[in-house]
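The next block holds one structure in the form of structure tokens; read it before the comments.
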Amino acid sequence: MNNNVYVYKCNKYDETLIDQAYDEILVKNGLLDFVKEGMKIGIKVNLVGNFHTDKAATTHPLLVARLCKLLIDRGAIVTIGDSPGGLFTESVLKSVYKGTGMHLCEEVGAKLNYDVSTSKIKVDKQVVKTLDVSNWLLDQDVLINFSKLKSHGMMALSASVKNMFGVVPGVLKPEYHYRYPSHIDFANMLIDLNEVFECKLNLVDGIIGMEGNGPTQGDPRLVGVILASSTPYPLDVVCAKIIGLDIDNVYTITESIKRGKTTTFDEIILNESIDDVIICDFKNILPGKSMEFSEKFKGPIGKVINPIIAKVLTVKPKVKKKECIGCKKCANICPVKAIVMKNKKPIIDRTKCIRCFCCQEFCPVGAMKAHKNLIVKVLSKSK
Ligand code: SF4
Ligand code: SF4
């Protein structure tokens, strides 16, 4: 198990600082030694949607462009891509690249992917047996995973492991929520994707992260780090530590540990201490909190009481009616059709909802929130 994580503290998106960071954490530690002349390298960034860099929802283009420069200088042929949520078409990709500033990568000689063809492949992983993938990824010799550090409604943390969900074409993503409705199965599906598309290098843009109503409608928060590792799993453990997120609330981490891919934070080997960048009051969403308490009582009493506790403590999607513009996107994206529109406002059928938070992720105005009731808020603070 490789448990090395390299951290570089950096407070702004500045070309000179980024070049220094890459020299320190990538070049000096041999993390780019795999690059060969003529090698086709795909960088899977986080382009969850058409968001300006100021929103901190997507991987910052300057970080990606400076990495492209290093790879191209070593003779690689570099392509950048992702499958944003929703339609996966050339025109959607064009507008997302424009909105997120990714054209900067073309200035250093990298290509942006416009291939929207997809394939169904057979895999034999823990939970995934067949997988729908974007073909451009299959065309690369090597992949690099470049994620963004964010809070996440469903999975608590959006960083390295979660980023690989973007190998699934956008329009098919809700189907994966339907196929893997439990958080644990969904986490294992994500780990399976990371195994199928094993990235040689994994980086996290944690200079400005997103807190609160992530992964698309939260607030930017200065975190001040760039992180790198040759595997994604310990990177997420370090990210959770930095944003004060208990790993028990992050199923991708607990399942990675069970599968022997990483360890708890204490056994991770860091190039330097991160004590001075840990943020204790980072606004996280804790979907795991309900599970922790919902299995508290055993036997027949537990059978009656545990579901009630779970119901009370579970973080749920909830619409802020005043902010809702009635666009119906949440109802259209919901994989289990739990949302109907009434008087141009969404009504959620709680008996159907699987808490995938697709509605929250794709609400264009942030009106759908990951809602914690008062008890959960108090418990979150006390942790
Ligand atoms: S209502 Fe929202 S969180 Fe619930 S299943 Fe539908 S999209 Fe997912
Ligand atoms: S996606 Fe957001 S704005 Fe649109 S109907 Fe749903 S809650 Fe309202």
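We name chains A, B, ... following the order of the structure tokens; residues begin at 1 in each chain, and ligands are numbered from 1 as shown.
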
* To do: Could you tell me, counting only C-alpha atoms and all ligand atoms, which protein and nucleic acid residues lie no more than 12 Å from ligand 1, written as a count of residues only?
  => 57

* Which of stretch 54-135 of chain A fall in strand (DSSP E), as number ranges by chain -> A: 77-81, 111-112, 118-122, 130-134

Dump of C-alpha atoms for the selected residues, as a short mmCIF file (atom, residue, chain, number, x, y, z; two decimals), in the first residue's frame:
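And here is the file that came out, out.cif:
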```
data_model
loop_
_atom_site.label_atom_id
_atom_site.label_comp_id
_atom_site.auth_asym_id
_atom_site.auth_seq_id
_atom_site.Cartn_x
_atom_site.Cartn_y
_atom_site.Cartn_z
CA ILE A 77 0.24 14.35 -25.72
CA VAL A 78 -2.26 15.72 -23.22
CA THR A 79 -6.08 15.75 -23.34
CA ILE A 80 -8.32 17.31 -20.68
CA GLY A 81 -11.84 16.12 -20.10
CA LYS A 111 -6.27 19.38 -26.18
CA LEU A 112 -9.77 19.60 -24.77
CA THR A 118 -19.57 6.08 -24.95
CA SER A 119 -19.13 2.33 -24.44
CA LYS A 120 -20.43 -0.31 -22.10
CA ILE A 121 -17.56 -2.39 -20.75
CA LYS A 122 -17.49 -5.53 -18.65
CA THR A 130 -20.71 -3.55 -16.27
CA LEU A 131 -19.76 0.05 -16.69
CA ASP A 132 -20.77 2.85 -19.06
CA VAL A 133 -17.77 5.01 -19.88
CA SER A 134 -16.80 7.98 -21.99
#
```

* Leaving out stretch 268-272 of chain A and any residue of its chain fewer than 6 positions from it, which residues lie within 7 Å of it when counting only C-alpha atoms, given as a list in words? ->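 Within the cut-off, the hits are Asn3, Asn4, Val5, Tyr6, Val7 and Pro234 of chain A.
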
* Asked: Expressed in Å to a single decimal, how great is the separation between atom CA of A:Asp185 and atom CA of A:Gly86?
  -> 22.4 Å

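Across the structure, atom CA of A:Cys280 and atom CA of A:Ile184 are spaced 26.1 Å apart.
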
* To do: Just give me the gap between atom CA of A:Cys327 and atom 5 (S, counted along the ligand's line) of ligand 2 in Å, one decimal is fine.
  =>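 Separation of atom CA of A:Cys327 and atom 5 (S, counted along the ligand's line) of ligand 2: 4.3 Å.
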
* From A:Lys55, A:Lys322, A:Lys303, A:Lys241, residue lying nearest A:Asn213 [only C-alpha atoms] -> A:Lys55

* So which residues of stretch 29-264 of chain A fall under alpha helix (DSSP H) by DSSP, listed as number ranges by chain? -> A: 61-73, 90-100, 104-107, 135-138, 160-163, 173-179, 183-196, 232-242, 251-258

* **Residue with smallest distance to ligand 2 - pool A:Gly49, A:Lys342, A:Ile325, A:Ser158, counting only C-alpha atoms and all ligand atoms** => A:Ile325

For A:Val96, list every protein, DNA or RNA residue within 12 Å, evaluated using only C-alpha atoms, and leave out those in the same chain fewer than 2 positions away; present the list as an mmCIF file with N, CA and C atoms, in the first residue's frame.
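Output contents, as saved in around.cif:
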```cif
data_model
loop_
_atom_site.group_PDB
_atom_site.id
_atom_site.type_symbol
_atom_site.label_atom_id
_atom_site.label_comp_id
_atom_site.auth_asym_id
_atom_site.auth_seq_id
_atom_site.Cartn_x
_atom_site.Cartn_y
_atom_site.Cartn_z
ATOM 1 N N ASN A 46 -12.294 18.019 -12.571
ATOM 2 C CA ASN A 46 -13.677 18.136 -12.095
ATOM 3 C C ASN A 46 -14.326 19.324 -12.808
ATOM 4 N N LEU A 47 -15.199 18.983 -13.765
ATOM 5 C CA LEU A 47 -15.984 20.018 -14.461
ATOM 6 C C LEU A 47 -17.457 19.678 -14.255
ATOM 7 N N VAL A 48 -17.899 19.793 -13.043
ATOM 8 C CA VAL A 48 -19.264 19.364 -12.694
ATOM 9 C C VAL A 48 -20.333 20.140 -13.462
ATOM 10 N N GLY A 49 -19.991 21.302 -13.941
ATOM 11 C CA GLY A 49 -20.956 22.100 -14.703
ATOM 12 C C GLY A 49 -20.285 23.385 -15.166
ATOM 13 N N ASN A 50 -21.119 24.251 -15.726
ATOM 14 C CA ASN A 50 -20.587 25.495 -16.286
ATOM 15 C C ASN A 50 -20.484 26.563 -15.188
ATOM 16 N N PHE A 51 -19.444 26.462 -14.390
ATOM 17 C CA PHE A 51 -19.280 27.383 -13.261
ATOM 18 C C PHE A 51 -17.993 28.184 -13.420
ATOM 19 N N HIS A 52 -18.097 29.475 -13.177
ATOM 20 C CA HIS A 52 -16.903 30.326 -13.195
ATOM 21 C C HIS A 52 -15.966 29.883 -12.075
ATOM 22 N N THR A 53 -14.663 30.085 -12.268
ATOM 23 C CA THR A 53 -13.690 29.657 -11.255
ATOM 24 C C THR A 53 -13.972 30.262 -9.875
ATOM 25 N N ALA A 57 -16.258 25.449 -7.809
ATOM 26 C CA ALA A 57 -16.923 24.159 -8.038
ATOM 27 C C ALA A 57 -16.085 23.239 -8.925
ATOM 28 N N THR A 58 -15.132 23.813 -9.644
ATOM 29 C CA THR A 58 -14.379 23.049 -10.652
ATOM 30 C C THR A 58 -12.868 23.199 -10.428
ATOM 31 N N PRO A 61 -8.375 26.208 -13.743
ATOM 32 C CA PRO A 61 -7.687 25.990 -15.026
ATOM 33 C C PRO A 61 -6.187 26.304 -14.995
ATOM 34 N N GLY A 81 -10.420 16.397 -19.915
ATOM 35 C CA GLY A 81 -11.845 16.119 -20.099
ATOM 36 C C GLY A 81 -12.569 15.790 -18.823
ATOM 37 N N ASP A 82 -13.885 15.776 -18.941
ATOM 38 C CA ASP A 82 -14.777 15.322 -17.872
ATOM 39 C C ASP A 82 -16.163 15.179 -18.496
ATOM 40 N N SER A 83 -17.040 14.537 -17.760
ATOM 41 C CA SER A 83 -18.423 14.460 -18.208
ATOM 42 C C SER A 83 -19.275 15.192 -17.174
ATOM 43 N N PRO A 84 -19.648 16.431 -17.469
ATOM 44 C CA PRO A 84 -20.450 17.187 -16.499
ATOM 45 C C PRO A 84 -21.810 16.526 -16.295
ATOM 46 N N GLY A 85 -22.502 16.907 -15.236
ATOM 47 C CA GLY A 85 -23.835 16.349 -15.010
ATOM 48 C C GLY A 85 -24.788 16.785 -16.111
ATOM 49 N N GLY A 86 -25.753 15.943 -16.453
ATOM 50 C CA GLY A 86 -26.720 16.290 -17.500
ATOM 51 C C GLY A 86 -26.261 15.795 -18.863
ATOM 52 N N LEU A 87 -26.676 16.502 -19.913
ATOM 53 C CA LEU A 87 -26.375 16.046 -21.271
ATOM 54 C C LEU A 87 -24.875 16.042 -21.543
ATOM 55 N N PHE A 88 -24.430 14.993 -22.259
ATOM 56 C CA PHE A 88 -23.007 14.887 -22.620
ATOM 57 C C PHE A 88 -22.916 15.091 -24.134
ATOM 58 N N THR A 89 -22.899 16.361 -24.531
ATOM 59 C CA THR A 89 -22.847 16.680 -25.958
ATOM 60 C C THR A 89 -21.691 17.648 -26.199
ATOM 61 N N GLU A 90 -21.341 17.766 -27.491
ATOM 62 C CA GLU A 90 -20.229 18.649 -27.842
ATOM 63 C C GLU A 90 -20.546 20.094 -27.452
ATOM 64 N N SER A 91 -21.804 20.509 -27.665
ATOM 65 C CA SER A 91 -22.126 21.907 -27.352
ATOM 66 C C SER A 91 -22.095 22.161 -25.837
ATOM 67 N N VAL A 92 -22.506 21.161 -25.047
ATOM 68 C CA VAL A 92 -22.408 21.322 -23.582
ATOM 69 C C VAL A 92 -20.939 21.439 -23.189
ATOM 70 N N LEU A 93 -20.099 20.560 -23.753
ATOM 71 C CA LEU A 93 -18.670 20.612 -23.403
ATOM 72 C C LEU A 93 -18.075 21.964 -23.778
ATOM 73 N N LYS A 94 -18.450 22.472 -24.973
ATOM 74 C CA LYS A 94 -17.922 23.774 -25.405
ATOM 75 C C LYS A 94 -18.239 24.855 -24.385
ATOM 76 N N LYS A 98 -15.590 26.833 -21.845
ATOM 77 C CA LYS A 98 -15.520 28.301 -21.898
ATOM 78 C C LYS A 98 -15.783 28.894 -20.509
ATOM 79 N N GLY A 99 -16.855 28.419 -19.884
ATOM 80 C CA GLY A 99 -17.251 28.978 -18.583
ATOM 81 C C GLY A 99 -16.243 28.722 -17.478
ATOM 82 N N THR A 100 -15.571 27.578 -17.544
ATOM 83 C CA THR A 100 -14.642 27.225 -16.463
ATOM 84 C C THR A 100 -13.206 27.652 -16.749
ATOM 85 N N GLY A 101 -12.997 28.264 -17.918
ATOM 86 C CA GLY A 101 -11.663 28.794 -18.247
ATOM 87 C C GLY A 101 -10.669 27.752 -18.723
ATOM 88 N N MET A 102 -11.162 26.564 -19.102
ATOM 89 C CA MET A 102 -10.241 25.475 -19.459
ATOM 90 C C MET A 102 -9.469 25.720 -20.757
ATOM 91 N N HIS A 103 -9.902 26.714 -21.552
ATOM 92 C CA HIS A 103 -9.159 26.990 -22.790
ATOM 93 C C HIS A 103 -7.716 27.399 -22.512
ATOM 94 N N LEU A 112 -8.558 19.815 -25.565
ATOM 95 C CA LEU A 112 -9.766 19.604 -24.765
ATOM 96 C C LEU A 112 -10.577 18.519 -25.456
ATOM 97 N N ASN A 113 -11.130 17.599 -24.693
ATOM 98 C CA ASN A 113 -11.860 16.487 -25.302
ATOM 99 C C ASN A 113 -13.247 16.909 -25.796
ATOM 100 N N TYR A 114 -13.560 16.536 -27.030
ATOM 101 C CA TYR A 114 -14.909 16.755 -27.566
ATOM 102 C C TYR A 114 -15.568 15.448 -28.001
#
```

* **Residues within 12 Å of A:Ile279, only C-alpha atoms, excluding chain neighbours under 5 positions, as number ranges by chain** => A: 209, 211, 221-225, 239-245, 274, 284
